Amino acid sequence: VEYYRLVRAGNVRTVSEGSNVCVEHQTQTKMYFLLDGSIDVTKDISKEEKEFAKKGSPESTVTRRFSARVASIPPNSFIGEMSFLTYLQESGRSVDASTTCVASSDCKVIEWDFEELAKELEMERNRGVKNALQAKLSNDLRKK
């Protein structure tokens with residue numbers, strides 16, 4: 001019953017292959033649950049390298065940035081849960097995503113807006129929903 005209420009508080013939508021679900025360093029305002037499909041997780045990496053323009057010229061340091069795939073998220077997993085938990089702990093202060101998540105296939109997700117979900121969880125009648133969500137998030141985080 002609690003999970004059904006939680007699902008009803010969100011919106012089921014399709015994310016097209018190649019679309020971003022969250023972008024590293026951008027404000028995250030939504031949490032997702034992946035029902036079907038696959039999502040790749042990438043992390044920005046910076047690497048400093050010494051570079052020489054010509055023989056005899058002074059060396060300079062150049063920072064190169066690239067994204068590295070660090071994980072793939074399977075169905076029945078949350079996305080953005082750490083940002084949501086931080087949002088709750090910080091009394092509604094928005095936080096930036098720590099990774100970029102890109103749909104590697106067409107995906108079906110449940111999407112919750114942080115503010116709306118937080119309000120829903122604070123309602124007395126939804127105490128069971130809040131407990132169920134915390135249990136599911138804890139279990140999901142242990143697997144990652």
# chains A, B, ... in the order shown; residues from 1 in each chain; ligands from 1
>>> residues_around(residues="range 131-143 of chain A", least_positions_apart="3", cutoff="9 Å", atoms="only C-alpha atoms", output="list in words")
Glu2, Tyr3, Leu6, Asn76, Ser77, Phe78, Glu81, Met82, Asn126, Arg127 and Gly128 of chain A
>>> residues_around(residues="Gly10 in chain A", least_positions_apart="3", cutoff="12 Å", atoms="only C-alpha atoms", output="list in words")
Tyr3, Tyr4, Arg5, Leu6, Val7, Arg13, Lys30, Met31, Tyr32, Phe33, Val109, Ile110, Glu111, Trp112, Asp113, Phe114, Glu115, Glu116, Leu117, Ala118 and Glu120 of chain A
>>> closest_residue(among="A:Ala68, A:Ser19, A:Leu34, A:Leu88", to="Lys130 in chain A", atoms="only C-alpha atoms")
A:Leu88
>>> atom_distance(atom1="CA of Glu90 in chain A", atom2="CA of Gln28 in chain A")
13.7 Å
>>> closest_residue(among="A:Ile73, A:Val129, A:Leu121, A:Leu35", to="Val102 in chain A", atoms="only C-alpha atoms")
A:Ile73
>>> residues_around(residues="Asp106 in chain A", least_positions_apart="3", cutoff="8 Å", atoms="only C-alpha atoms", output="list in words")
Thr14, Val15, Ser16, Glu17, Gly37, Ser38 and Ala103 of chain A
>>> write_last_selection(atoms="C-alpha atoms", output="tab-separated table (two decimals), in the first residue's frame")
chain	number	residue	atom	x	y	z
A	14	THR	CA	9.57	7.93	-20.98
A	15	VAL	CA	13.16	9.11	-21.33
A	16	SER	CA	14.49	8.80	-24.87
A	17	GLU	CA	17.82	7.13	-25.57
A	37	GLY	CA	15.78	0.45	-19.72
A	38	SER	CA	19.34	1.32	-18.79
A	103	ALA	CA	19.66	7.01	-21.02
>>> atom_distance(atom1="CA of Ser98 in chain A", atom2="CA of Ala9 in chain A")
25.0 Å
>>> residues_around(residues="Val23 in chain A", least_positions_apart="2", cutoff="10 Å", atoms="only C-alpha atoms", output="mmCIF file with C-alpha atoms, in the first residue's frame")
data_model
loop_
_atom_site.group_PDB
_atom_site.id
_atom_site.type_symbol
_atom_site.label_atom_id
_atom_site.label_comp_id
_atom_site.auth_asym_id
_atom_site.auth_seq_id
_atom_site.Cartn_x
_atom_site.Cartn_y
_atom_site.Cartn_z
ATOM 1 C CA ASN A 20 20.129 13.338 -19.837
ATOM 2 C CA VAL A 21 18.318 12.479 -16.633
ATOM 3 C CA HIS A 25 27.350 20.269 -11.584
ATOM 4 C CA GLN A 26 23.774 21.334 -12.437
ATOM 5 C CA THR A 27 21.053 21.763 -9.835
ATOM 6 C CA GLN A 28 19.182 18.524 -9.263
ATOM 7 C CA VAL A 41 26.539 7.182 -15.291
ATOM 8 C CA THR A 42 29.487 9.386 -16.253
ATOM 9 C CA LYS A 43 31.814 11.481 -14.147
ATOM 10 C CA ASP A 96 24.106 19.902 -7.723
ATOM 11 C CA ALA A 97 24.207 16.465 -9.292
ATOM 12 C CA SER A 98 27.484 14.646 -8.655
ATOM 13 C CA THR A 99 27.338 12.701 -11.940
ATOM 14 C CA THR A 100 25.688 12.816 -15.342
ATOM 15 C CA CYS A 101 23.108 10.124 -16.060
ATOM 16 C CA VAL A 102 22.265 9.426 -19.711
#
>>> select_by_dssp(residues="chain A", states="strand (DSSP E or B)", output="ChimeraX atom specification")
/A:11-15,20-22,24,27-28,30-36,39-52,59-73,77-79,95-97,100-103,107-113
>>> atom_distance(atom1="CA of Arg8 in chain A", atom2="CA of Leu85 in chain A")
19.8 Å
>>> closest_residue(among="A:Val12, A:Ile39, A:Cys22, A:Met123", to="Pro75 in chain A", atoms="only C-alpha atoms")
A:Ile39
>>> closest_residue(among="A:Thr29, A:Thr86, A:Ser104, A:Ser91", to="Pro74 in chain A", atoms="only C-alpha atoms")
A:Ser104
>>> closest_residue(among="A:Ser105, A:Ile79, A:Val70, A:Glu122", to="Gly18 in chain A", atoms="only C-alpha atoms")
A:Ser105
>>> select_by_dssp(residues="range 10-121 of chain A", states="helix (DSSP H, G or I)", output="list of chain:residue names")
A:Glu81, A:Met82, A:Ser83, A:Phe84, A:Leu85, A:Thr86, A:Tyr87, A:Leu88, A:Gln89, A:Phe114, A:Glu115, A:Glu116, A:Leu117, A:Ala118, A:Lys119, A:Glu120, A:Leu121
>>> write_last_selection(atoms="N, CA and C atoms", output="mmCIF file, in the first residue's frame")
data_model
loop_
_atom_site.group_PDB
_atom_site.id
_atom_site.type_symbol
_atom_site.label_atom_id
_atom_site.label_comp_id
_atom_site.auth_asym_id
_atom_site.auth_seq_id
_atom_site.Cartn_x
_atom_site.Cartn_y
_atom_site.Cartn_z
ATOM 1 N N GLU A 81 18.854 9.993 -5.721
ATOM 2 C CA GLU A 81 18.444 9.798 -4.327
ATOM 3 C C GLU A 81 19.361 10.504 -3.341
ATOM 4 N N MET A 82 20.660 10.568 -3.650
ATOM 5 C CA MET A 82 21.577 11.271 -2.742
ATOM 6 C C MET A 82 21.259 12.766 -2.723
ATOM 7 N N SER A 83 20.953 13.330 -3.867
ATOM 8 C CA SER A 83 20.580 14.745 -3.926
ATOM 9 C C SER A 83 19.282 14.985 -3.166
ATOM 10 N N PHE A 84 18.331 14.046 -3.284
ATOM 11 C CA PHE A 84 17.068 14.205 -2.561
ATOM 12 C C PHE A 84 17.281 14.119 -1.053
ATOM 13 N N LEU A 85 18.073 13.168 -0.608
ATOM 14 C CA LEU A 85 18.339 13.047 0.829
ATOM 15 C C LEU A 85 19.047 14.292 1.362
ATOM 16 N N THR A 86 19.971 14.834 0.584
ATOM 17 C CA THR A 86 20.642 16.080 0.983
ATOM 18 C C THR A 86 19.650 17.223 1.023
ATOM 19 N N TYR A 87 18.748 17.288 0.051
ATOM 20 C CA TYR A 87 17.692 18.301 0.004
ATOM 21 C C TYR A 87 16.866 18.245 1.290
ATOM 22 N N LEU A 88 16.505 17.044 1.730
ATOM 23 C CA LEU A 88 15.726 16.905 2.963
ATOM 24 C C LEU A 88 16.521 17.357 4.187
ATOM 25 N N GLN A 89 17.785 16.972 4.249
ATOM 26 C CA GLN A 89 18.619 17.322 5.405
ATOM 27 C C GLN A 89 18.944 18.804 5.458
ATOM 28 N N PHE A 114 11.490 17.166 -6.067
ATOM 29 C CA PHE A 114 11.944 17.173 -4.666
ATOM 30 C C PHE A 114 10.951 17.873 -3.745
ATOM 31 N N GLU A 115 10.555 19.084 -4.106
ATOM 32 C CA GLU A 115 9.690 19.890 -3.233
ATOM 33 C C GLU A 115 8.341 19.208 -3.014
ATOM 34 N N GLU A 116 7.743 18.724 -4.090
ATOM 35 C CA GLU A 116 6.438 18.059 -3.970
ATOM 36 C C GLU A 116 6.537 16.767 -3.169
ATOM 37 N N LEU A 117 7.581 15.992 -3.400
ATOM 38 C CA LEU A 117 7.750 14.734 -2.672
ATOM 39 C C LEU A 117 8.000 15.000 -1.192
ATOM 40 N N ALA A 118 8.810 16.003 -0.881
ATOM 41 C CA ALA A 118 9.079 16.343 0.521
ATOM 42 C C ALA A 118 7.786 16.742 1.239
ATOM 43 N N LYS A 119 6.955 17.536 0.588
ATOM 44 C CA LYS A 119 5.665 17.927 1.185
ATOM 45 C C LYS A 119 4.779 16.707 1.404
ATOM 46 N N GLU A 120 4.741 15.828 0.430
ATOM 47 C CA GLU A 120 3.924 14.608 0.523
ATOM 48 C C GLU A 120 4.388 13.740 1.690
ATOM 49 N N LEU A 121 5.699 13.626 1.862
ATOM 50 C CA LEU A 121 6.235 12.777 2.929
ATOM 51 C C LEU A 121 6.001 13.357 4.316
#
>>> closest_residue(among="A:Asp40, A:Ile45, A:Lys108, A:Glu24", to="Arg69 in chain A", atoms="only C-alpha atoms")
A:Asp40
